[in-house]
Amino acid sequence: MARIRHGRRGFAAAMVAVALVSGCSTAVSAPSITAPPPTTQSTTAAARIKPVSVEIPKIGAKSSLVPVGLTTDGALDVPPTSQPLQAAWYGLGPMPGEVGPSVVLGHVDGDGKPGIFHQLTKLTPGDEVLIAREDGSTLTFVVRRLQQVRKDAFPTEEVYGDTAGPELRLITCGGSFDRATGNYRDNVIAYAGPKSG
């Protein structure tokens with residue numbers, strides 16, 4: 001697969017088409033493309049440090065992180081609903097700490113149990129998100145805003161578009177549950193940036 005350097009217009013452009021994915025059995029609206037988007041390549045090896053866990057003290061959420069990519073039909077993959085407390089990071093995009101939007105996904109529920117991001121809607125600006133990395137370091141991000149949107153109006157450019165520095169996006173399902181389709185109607189997205197000072 002071809003790799004690109006930052007300014008990541010190729011990544012943002014590849015993520016523009018968005019399709020609905022089946023409810024919280026797959027957790028989020030996701031890019032619908034025939035081939036995986038290009039991965040990013042940092043200008044320094046130090047920036048390519050894999051994330052290993054996420055913790056959100058405000059809502060008592062803590063999970064290891066597993067990398068996910070795309071399904072065979074081009075949708076964003078997530079852990080199975082039989083593991084609702086398992087969070088994932090989108091491994092084909094920027095890693096936390098790199099320039100660009102890193103994406104962390106989690107279920108709101110699954111298998112009849114609350115998911116890792118069950119209380120994501122309780123986050124408010126200033127709340128912290130901790131990302132531990134495989135080198136033993138921890139990155140602290142601060143929530144700037146929370147957004148709930150219909151899945152058919154997913155803000156692709158806001159979530160996946162270029163940013164001037166490292167950013168973090170936390171995504172789960174939300175809103176009302178459509179029993180006819182077995183899907184939640186909305187996505188909940190938390191936008192966070194690095195803690196300064």
# chains A, B, ... in the order shown; residues from 1 in each chain; ligands from 1

$ select_by_dssp --residues "segment 30-193 of chain A" --states "helix (DSSP H, G or I)" --output "list in words"
Ala45, Ala46, Ala47, Pro57, Lys58, Ile59, Leu120, Thr121, Lys122, Lys151, Asp152, Ala153, Thr156, Glu157, Glu158, Val159 and Tyr160 of chain A

$ residues_around --residues "Thr138 of chain A" --least-positions-apart "6" --cutoff "10 Å" --atoms "only C-alpha atoms" --output "ChimeraX atom specification"
/A:51-54,97,130-132

$ residues_around --residues "segment 116-129 of chain A" --least-positions-apart "3" --cutoff "6 Å" --atoms "only C-alpha atoms" --output "list in words"
Glu55, Ile56, Ala61, Leu85, Gly106, His107, Val108, Thr140, Phe141, Val142, Val143, Arg144 and Arg145 of chain A

$ write_last_selection --atoms "N, CA and C atoms" --output "short mmCIF file (atom, residue, chain, number, x, y, z; two decimals), in the first residue's frame"
data_model
loop_
_atom_site.label_atom_id
_atom_site.label_comp_id
_atom_site.auth_asym_id
_atom_site.auth_seq_id
_atom_site.Cartn_x
_atom_site.Cartn_y
_atom_site.Cartn_z
N GLU A 55 -7.84 5.88 28.48
CA GLU A 55 -8.51 6.05 29.77
C GLU A 55 -9.19 7.41 29.79
N ILE A 56 -10.44 7.44 30.24
CA ILE A 56 -11.18 8.69 30.37
C ILE A 56 -11.67 8.76 31.82
N ALA A 61 -13.90 5.19 32.13
CA ALA A 61 -13.66 4.29 31.00
C ALA A 61 -12.17 4.01 30.87
N LEU A 85 -16.57 -3.78 25.92
CA LEU A 85 -15.65 -2.93 26.68
C LEU A 85 -14.28 -2.79 26.01
N GLY A 106 -15.35 3.02 20.06
CA GLY A 106 -15.83 2.15 21.13
C GLY A 106 -17.33 1.98 21.04
N HIS A 107 -17.81 0.85 21.54
CA HIS A 107 -19.24 0.58 21.54
C HIS A 107 -19.94 1.37 22.65
N VAL A 108 -21.18 1.76 22.38
CA VAL A 108 -22.02 2.33 23.44
C VAL A 108 -22.63 1.19 24.25
N THR A 140 -1.77 13.20 27.03
CA THR A 140 -3.01 13.71 27.61
C THR A 140 -3.68 14.64 26.61
N PHE A 141 -4.91 14.29 26.25
CA PHE A 141 -5.73 15.13 25.38
C PHE A 141 -6.85 15.74 26.20
N VAL A 142 -7.32 16.90 25.77
CA VAL A 142 -8.39 17.60 26.47
C VAL A 142 -9.58 17.76 25.51
N VAL A 143 -10.75 17.35 25.99
CA VAL A 143 -11.95 17.45 25.17
C VAL A 143 -12.26 18.92 24.90
N ARG A 144 -12.51 19.24 23.64
CA ARG A 144 -12.89 20.61 23.25
C ARG A 144 -14.38 20.74 23.02
N ARG A 145 -14.96 19.70 22.43
CA ARG A 145 -16.41 19.74 22.20
C ARG A 145 -16.93 18.34 21.94
#

$ select_by_dssp --residues "segment 81-183 of chain A" --states "strand (DSSP E)" --output "ChimeraX atom specification"
/A:87-90,100-105,109-110,113-114,128-133,138-150,166-178,183

$ write_last_selection --atoms "N, CA and C atoms" --output "tab-separated table (two decimals), in the first residue's frame"
chain	number	residue	atom	x	y	z
A	87	ALA	N	-11.98	-1.11	23.33
A	87	ALA	CA	-11.84	0.04	22.44
A	87	ALA	C	-10.82	-0.28	21.34
A	88	ALA	N	-10.87	0.50	20.28
A	88	ALA	CA	-9.97	0.27	19.14
A	88	ALA	C	-9.48	1.61	18.60
A	89	TRP	N	-8.37	1.57	17.90
A	89	TRP	CA	-7.89	2.76	17.21
A	89	TRP	C	-7.77	2.45	15.72
A	90	TYR	N	-8.05	3.45	14.90
A	90	TYR	CA	-8.02	3.26	13.46
A	90	TYR	C	-6.58	3.26	12.99
A	100	GLY	N	-2.44	15.28	12.80
A	100	GLY	CA	-3.64	14.75	12.17
A	100	GLY	C	-4.61	14.18	13.20
A	101	PRO	N	-5.79	13.78	12.74
A	101	PRO	CA	-6.82	13.26	13.65
A	101	PRO	C	-6.69	11.77	13.88
A	102	SER	N	-6.31	11.38	15.08
A	102	SER	CA	-6.31	9.97	15.46
A	102	SER	C	-7.72	9.60	15.89
A	103	VAL	N	-8.17	8.43	15.49
A	103	VAL	CA	-9.55	8.01	15.75
A	103	VAL	C	-9.57	6.80	16.67
A	104	VAL	N	-10.31	6.94	17.77
A	104	VAL	CA	-10.52	5.86	18.72
A	104	VAL	C	-12.00	5.53	18.74
A	105	LEU	N	-12.33	4.26	18.60
A	105	LEU	CA	-13.70	3.79	18.48
A	105	LEU	C	-14.08	2.93	19.67
A	109	ASP	N	-22.87	0.06	23.61
A	109	ASP	CA	-23.32	-1.14	24.29
A	109	ASP	C	-23.06	-2.33	23.38
A	110	GLY	N	-23.33	-3.49	23.87
A	110	GLY	CA	-23.14	-4.69	23.07
A	110	GLY	C	-23.42	-5.92	23.89
A	113	LYS	N	-24.97	-5.43	27.25
A	113	LYS	CA	-24.21	-4.80	28.33
A	113	LYS	C	-23.74	-3.42	27.90
A	114	PRO	N	-23.48	-2.51	28.86
A	114	PRO	CA	-22.92	-1.20	28.50
A	114	PRO	C	-21.55	-1.37	27.85
A	128	GLU	N	-10.30	15.17	30.44
A	128	GLU	CA	-9.06	14.61	29.90
A	128	GLU	C	-9.25	13.20	29.36
A	129	VAL	N	-8.48	12.90	28.32
A	129	VAL	CA	-8.41	11.56	27.74
A	129	VAL	C	-6.93	11.17	27.72
A	130	LEU	N	-6.60	10.05	28.32
A	130	LEU	CA	-5.21	9.61	28.42
A	130	LEU	C	-4.96	8.46	27.45
A	131	ILE	N	-3.94	8.61	26.64
A	131	ILE	CA	-3.54	7.56	25.71
A	131	ILE	C	-2.15	7.07	26.10
A	132	ALA	N	-2.07	5.83	26.58
A	132	ALA	CA	-0.77	5.24	26.91
A	132	ALA	C	-0.19	4.61	25.65
A	133	ARG	N	1.15	4.70	25.50
A	133	ARG	CA	1.81	4.18	24.31
A	133	ARG	C	2.81	3.09	24.66
A	138	THR	N	2.68	8.54	28.16
A	138	THR	CA	1.24	8.78	28.14
A	138	THR	C	0.97	10.17	27.58
A	139	LEU	N	0.07	10.24	26.61
A	139	LEU	CA	-0.35	11.50	26.03
A	139	LEU	C	-1.66	11.91	26.68
A	140	THR	N	-1.77	13.20	27.03
A	140	THR	CA	-3.01	13.71	27.61
A	140	THR	C	-3.68	14.64	26.61
A	141	PHE	N	-4.91	14.29	26.25
A	141	PHE	CA	-5.73	15.13	25.38
A	141	PHE	C	-6.85	15.74	26.20
A	142	VAL	N	-7.32	16.90	25.77
A	142	VAL	CA	-8.39	17.60	26.47
A	142	VAL	C	-9.58	17.76	25.51
A	143	VAL	N	-10.75	17.35	25.99
A	143	VAL	CA	-11.95	17.45	25.17
A	143	VAL	C	-12.26	18.92	24.90
A	144	ARG	N	-12.51	19.24	23.64
A	144	ARG	CA	-12.89	20.61	23.25
A	144	ARG	C	-14.38	20.74	23.02
A	145	ARG	N	-14.96	19.70	22.43
A	145	ARG	CA	-16.41	19.74	22.20
A	145	ARG	C	-16.93	18.34	21.94
A	146	LEU	N	-18.23	18.21	22.11
A	146	LEU	CA	-18.93	16.95	21.87
A	146	LEU	C	-20.00	17.21	20.82
A	147	GLN	N	-20.18	16.27	19.93
A	147	GLN	CA	-21.14	16.44	18.84
A	147	GLN	C	-21.95	15.15	18.69
A	148	GLN	N	-23.26	15.32	18.54
A	148	GLN	CA	-24.11	14.18	18.21
A	148	GLN	C	-24.78	14.47	16.88
A	149	VAL	N	-24.61	13.57	15.93
A	149	VAL	CA	-25.11	13.80	14.57
A	149	VAL	C	-25.79	12.55	14.04
A	150	ARG	N	-26.73	12.75	13.14
A	150	ARG	CA	-27.34	11.62	12.45
A	150	ARG	C	-26.27	10.90	11.63
A	166	PRO	N	-1.49	17.43	16.36
A	166	PRO	CA	-2.15	16.19	16.79
A	166	PRO	C	-3.56	16.46	17.30
A	167	GLU	N	-4.49	15.62	16.95
A	167	GLU	CA	-5.87	15.70	17.42
A	167	GLU	C	-6.34	14.30	17.74
A	168	LEU	N	-7.43	14.21	18.49
A	168	LEU	CA	-8.02	12.93	18.84
A	168	LEU	C	-9.52	13.00	18.63
A	169	ARG	N	-10.08	11.94	18.07
A	169	ARG	CA	-11.52	11.80	17.90
A	169	ARG	C	-11.97	10.51	18.58
A	170	LEU	N	-12.97	10.60	19.43
A	170	LEU	CA	-13.58	9.44	20.06
A	170	LEU	C	-14.97	9.29	19.46
A	171	ILE	N	-15.30	8.10	18.97
A	171	ILE	CA	-16.56	7.91	18.26
A	171	ILE	C	-17.30	6.69	18.78
A	172	THR	N	-18.61	6.86	18.95
A	172	THR	CA	-19.48	5.76	19.32
A	172	THR	C	-20.86	5.98	18.71
A	173	CYS	N	-21.78	5.07	18.97
A	173	CYS	CA	-23.17	5.24	18.55
A	173	CYS	C	-23.92	6.07	19.59
A	174	GLY	N	-25.08	6.57	19.19
A	174	GLY	CA	-25.90	7.33	20.12
A	174	GLY	C	-27.27	7.60	19.56
A	175	GLY	N	-28.02	8.41	20.29
A	175	GLY	CA	-29.36	8.75	19.85
A	175	GLY	C	-30.33	7.62	20.09
A	176	SER	N	-31.43	7.68	19.39
A	176	SER	CA	-32.48	6.67	19.56
A	176	SER	C	-32.11	5.40	18.80
A	177	PHE	N	-32.70	4.31	19.25
A	177	PHE	CA	-32.43	3.00	18.65
A	177	PHE	C	-33.56	2.64	17.70
A	178	ASP	N	-33.22	2.31	16.48
A	178	ASP	CA	-34.19	1.91	15.47
A	178	ASP	C	-34.35	0.40	15.52
A	183	ASN	N	-30.23	-0.63	14.50
A	183	ASN	CA	-29.16	0.36	14.51
A	183	ASN	C	-29.50	1.56	15.38

$ closest_residue --among "A:Val66, A:Gly112, A:Pro96, A:Gly165" --to "Pro84 of chain A" --atoms "only C-alpha atoms"
A:Gly112

$ residues_around --residues "Gly91 of chain A" --least-positions-apart "2" --cutoff "8 Å" --atoms "only C-alpha atoms" --output "list in words"
Pro67, Val68, Gly69, Trp89, Gly93, Pro94 and Met95 of chain A

$ write_last_selection --atoms "N, CA and C atoms" --output "compact mmCIF listing (two decimals), in the first residue's frame"
# COMPACT_ATOMS: atom_id res chain seq x y z
N PRO A 67 -5.74 -2.32 17.14
CA PRO A 67 -5.85 -1.63 15.85
C PRO A 67 -6.93 -2.25 14.99
N VAL A 68 -7.65 -1.42 14.27
CA VAL A 68 -8.64 -1.90 13.30
C VAL A 68 -8.41 -1.18 11.98
N GLY A 69 -8.90 -1.79 10.93
CA GLY A 69 -8.81 -1.20 9.60
C GLY A 69 -10.17 -1.11 8.97
N TRP A 89 -8.37 1.57 17.90
CA TRP A 89 -7.89 2.76 17.21
C TRP A 89 -7.77 2.45 15.72
N GLY A 93 -4.87 5.44 9.96
CA GLY A 93 -4.76 6.89 10.07
C GLY A 93 -3.60 7.27 10.98
N PRO A 94 -3.51 8.54 11.35
CA PRO A 94 -2.44 8.98 12.25
C PRO A 94 -2.53 8.29 13.61
N MET A 95 -1.38 7.99 14.18
CA MET A 95 -1.35 7.48 15.55
C MET A 95 -1.46 8.66 16.51

$ atom_distance --atom1 "atom CA of Asn187 of chain A" --atom2 "atom CA of Asp162 of chain A"
20.6 Å

$ atom_distance --atom1 "atom CA of Ile49 of chain A" --atom2 "atom CA of Thr72 of chain A"
26.9 Å

$ atom_distance --atom1 "atom CA of Gln86 of chain A" --atom2 "atom CA of Val99 of chain A"
25.1 Å
